[in-house]
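For reference, the structure is listed below as structure tokens.
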Amino acid sequence: MSTLPSREDEQALVERAKRDPSAFGELYDLYFLQIYRFVYSRMRDQAAAEDVTSEVFMKALKSIGRYQDTGKPFSAWLYQIAVNSVADRYRLARPVEDIDEQRDLAVGGPALEEVAAQRDELRRIWSVVETLPRQQRIAMVLKFQEDMKIEDIAAVMGKSPGAVKLLIHRGVTRVRQLVGGEDRP
Amino acid sequence: MKAPRDPELDALFEELSPGDRELQDFAQMLRSVPRPGASADPDPAFRHALRRRLMQEAWKLSTRRQPWYRRLFSTPTGLAWAGAAVGALLIGLAGLAVLAHPTHGPETTVSVVSPLNDARTVAVVQPIELDFNQPMDTRSVEEAVKISPATRVSYQWVSPTRVEITPMSGTLAPNTQYRVVVAPTAKTRDGTTLGKPAVVTFVTTAPPATPGPTPSQSPTAGPAPQLGGVRELVPSGTPAPAWSADGGTLYVVGPDGSLKAVTIAGGTRTLVPGGVTAVAAGPSGPAYVANGQVVYGQTTVPGLQPLALGFRGSALLIGTAQGVVDASGTSVAAFAETARQVDIAPDGAHAVYLGASGTLHVVDLSTGKDVAVGTAAGLGDWSGSADRYAYPGAGVVQVTDMAGDVSRLVGVGGVTGVSWSGASQILLATGSDLEMVNADGSGLHRVAAGDFEQPEWSPSGEQFAFKRNGAVWVAQLLGSLPSESPSPTTGDEQGFVQSFLNGAASGSGAPASGQLDQNGRQAYQRLLQTQPNFGGFSRSYVVLLQPGRAVVRLIYGQGVTQTAIDVTLTLVRDAEGNLRVHDLSAQPVANFGKGPQVLSVSVGRNQVRVQFDSDLMASSVQAGGVVLEGVSNLQVAYDASSRTVILTVPGGLASGSTYTLQVTGTLEDVSQRAATPYELSFTA
């Protein structure tokens with residue numbers, strides 16, 4: 001869970017964990033829920049989410065000695081691992097039919113009918129987001145679900161802040177088009 | 001709760017779609033739309049198991065990263081291979097605590113590890129974890145574990161190979177080296193015993209600093225001697241904070257709607273990132289209302305507009321405008337009129353509510369009987385036994401029993417907050433001050449001037465929380481008699497002492513020369529003659545801090561070899577008002593770590609509180625284990641939850657007089673180890 005320690009506290013904790021991996025438990029306690037929920041929201045399956053979350057933290061533990069503080073929150077690094085792990089998971093599971101690619105192709109397809117049926121349900125607005133191209137969708141999730149700063153999202157996605165802004169702008173514009181004006185508060 | 005706008009988003013859309021305010025608003029609105037799965041609760045067993053796996057992996061990594069045989073044989077190149085070979089061999093046998101049975105092969109070797117081993121900043125609210133490599137006979141392990149300092153503990157086996165050891169008091173002692181020994185009598189389920197004792201050693205952190213009240217921020221500004229230990233915890237939103245059942249944690253809803261668990265001993269965790277509008281503490285953790293849903297553990301109850309949360313045993317109760325329902329939505333009791341506010345009794349047997357007409361009602365949640373009590377200005381609080389309810393009326397505070405019979409408690413008007421402690425002390429917040437009255441209406445007195453919103457006693461009654469200036473604070477109010485807060489020691493003295501210690505511990509061990517006046521420099525040179533290794537201490541903490549005087553404890557070495565000295569610093573201010581050490585002297589602490597030790601002493605107007613590192617035998621406390629020399633009518637109490645002996649002097653300590661605190665050999669810890677006599681003088 002995002003325990004939101006101060007930047008200095010977080011740096012100190014990470015440095016301690018780099019020297020003494022047993023201190024990694026505190027980082028796990030801090031960020032477990034946040035990462036699990038992010039992964040679950042991508043996988044929508046408890047068992048898969050547990051597998052991927054385990055993988056994220058195990059990778060983080062084994063790699064923390066190489067972690068370099070770039071001024072971004074430590075969570076950005078975890079998200080980066082999580083995004084890649086989710087992608088790997090789908091690649092492994094569906095080497096040909098990547099679920100993300102399926103969703104990309106679905107824009108304007110049958111999913112839109114479903115979207116139309118849900119247009120009055122504000123809480124389902126995320127189903128529209130799910131129809132967006134993968135990069136837009138990840139940027140939207142990190143911004144609107146995880147409440148991350150654009151610079152941190154850029155670090156997670158390996159893109160420039162300007163590129164992330166464009167992804168979010170296009171994503172929001174597309175979602176507004178799809179849900180229609182009457183849904184707006 | 002509506003989240004504040006994200007300026008970054010506004011800037012983004014202003015940059016890329018200038019003037020499209022509607023798109024900006026739409027983007028901001030997206031932030032508040034919950035995403036499916038975004039609040040999914042993980043299986044606690046998974047969370048726990050993953051942590052265990054990580055810690056096991058961490059231990060392996062630690063072992064690989066820090067091969068002690070390399071340190072042992074590091075410098076001489078010619079010895080490196082030999083050292084490595086010996087180290088590798090010994091690692092196979094030792095590690096933290098590898099306990100080889102000499103007559104068995106590797107598959108029967110029993111080992112135990114702990115993530116706490118060698119840690120030096122262990123939080124006081126944390127179980128001691130032991131991980132075995134084989135399923136263990138739990139009883140033999142529990143009988144084999146010995147903890148020093150003496151600590152009463154409970155054991156929770158989370159798996160056949162893992163046990164969590166928790167202090168009965170709820171916390172470990174701060175600033176303390178713990179040594180946990182698992183004796184060789186511990187055995188596996190198949191009867192294999194440990195060949196050698198396993199030892200886990202760790203050091204707990206200092207408690208968070210408790211700054212004295214300052215005029216600019218403290219509710220105790222001005223002469224308010226009853227209040228002590230005032231400190232600000234975290235920013236808070238509108239909902240009232242809730243104490244956990246053990247009083248160790250406050251659940252606070254932040255200004256952004258996040259739910260935080262604030263550990264009183266130090267540390268804050270965000271449990272829910274936003275959307276929370278109310279919180280209550282249940283037996284299994286917090287229950288809260290978020291985005292219109294009631295959440296308690298794995299239970300989620302949608303579709304209600306809760307006004308209050310409560311519990312009957314472990315069962316969740318939800319107060320609404322129409323009545324009280326359970327977690328399945330089934331009506332427990334219906335209200336006779338629409339409720340504006342609801343308060344469910346701690347035992348879940350009754351509820352009170354303030355109706356739309358301004359009438360207070362008492363409702364029996366077993367029978368559904370609804371009794372209109374009379375007009376009330378607001379809700380109040382339940383007595384500790386939950387059979388009475390104090391609430392504000394017009395110019396008075398009244399108490400009703402569960403039959404609706406009302407009596408006048410005290411004539412205080414404008415009461416906006418009521419909190420009734422288990423010890424029958426009732427706090428009344430008026431918006432301009434905080435008053436306290438006994439439950440029988442006697443002893444009304446003003447605790448302090450200032451704004452104290454939503455005061456809430458902790459379950460133990462040792463302290464209370466309140467809100468002020470958008471933040472949650474805690475404060476202490478010691479005993480039923482108005483007691484003095486600790487002597488006002490300014491924050492810069494605390495900082496100065498810490499700076500002095502940092503200077504002493506760094507480099508050559510010499511404190512910065514500017515920290516000593518001329519006399520202090522001479523005293524320091526004299527000290528070095530008797531303590532040439534003065535700056536070589538491994539850790540330190542402040543035992544006593546009074547205006548102009550501090551006693552700090554310096555600990556040298558670790559494990560069973562640790563020793564300690566108490567250094568008394570006399571502090572003065574120079575012409576510019578800067579603090580200087582005018583004198584310092586050292587006194588060895590005899591038998592340090594071999595029986596109950598004093599951790600800290602705080603001095604008030606009529607009380608001296610002495611915190612120990614060990615759980616004490618209460619009878620030995622009462623039998624003269626801790627006394628003030630020359631004070632005959634001393635009242636002695638022992639608070640086991642904080643391992644603190646409370647010495648109360650009726651009539652108060654004589655201001656300016658010097659007293660000597662004595663810990664005698666009569667004092668025993670729960671392992672029946674006697675204290676080594678110890679003395680500490682202080683000025684009242």
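Identifiers for the structure tokens are assigned positionally: chains receive A, B, ... in sequence, residues are indexed from 1 per chain, and ligands are indexed from 1 in the order shown.
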
Distance limit 8 Å, atoms considered: only C-alpha atoms. Which chain B residues sit that close to chain A? Return them as a PyMOL selection string. chain B and resi 8+12-13+16+23+26-27+29-31+33-42+46-47+50-51+54-55+58-59+61-62+115-116+268-273

Neighbour list for Gln80 in chain A as a count of residues only, cut-off 12 Å, only C-alpha atoms, skip fewer than 5 positions in-chain: 25

For Thr185 in chain B, work out the shell of residues within 9 Å, counting only C-alpha atoms and skipping chain neighbours fewer than 6 positions away, then give it as a PyMOL selection string. chain B and resi 140-141+143-144+193-197

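Each of A:Thr131, A:Trp77, A:Tyr90, A:Leu27 was checked against Val179 in chain A using only C-alpha atoms; the smallest atom-to-atom distance is that of A:Thr131.
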
Secondary structure check, alpha helix (DSSP H) residues of range 43-91 of chain A, as a PyMOL selection string: chain A and resi 43+46-63+74-91

Could you pull out the strand (DSSP E or B) residues of range 130-329 of chain B from DSSP and send them as a PyMOL selection string? chain B and resi 130-132+136+145-148+153-159+162-167+177-182+187-188+193+198-204+228-235+242-243+249-253+259-263+268-272+276-282+285-290+293-296+299-301+308-312+315-319+323-326
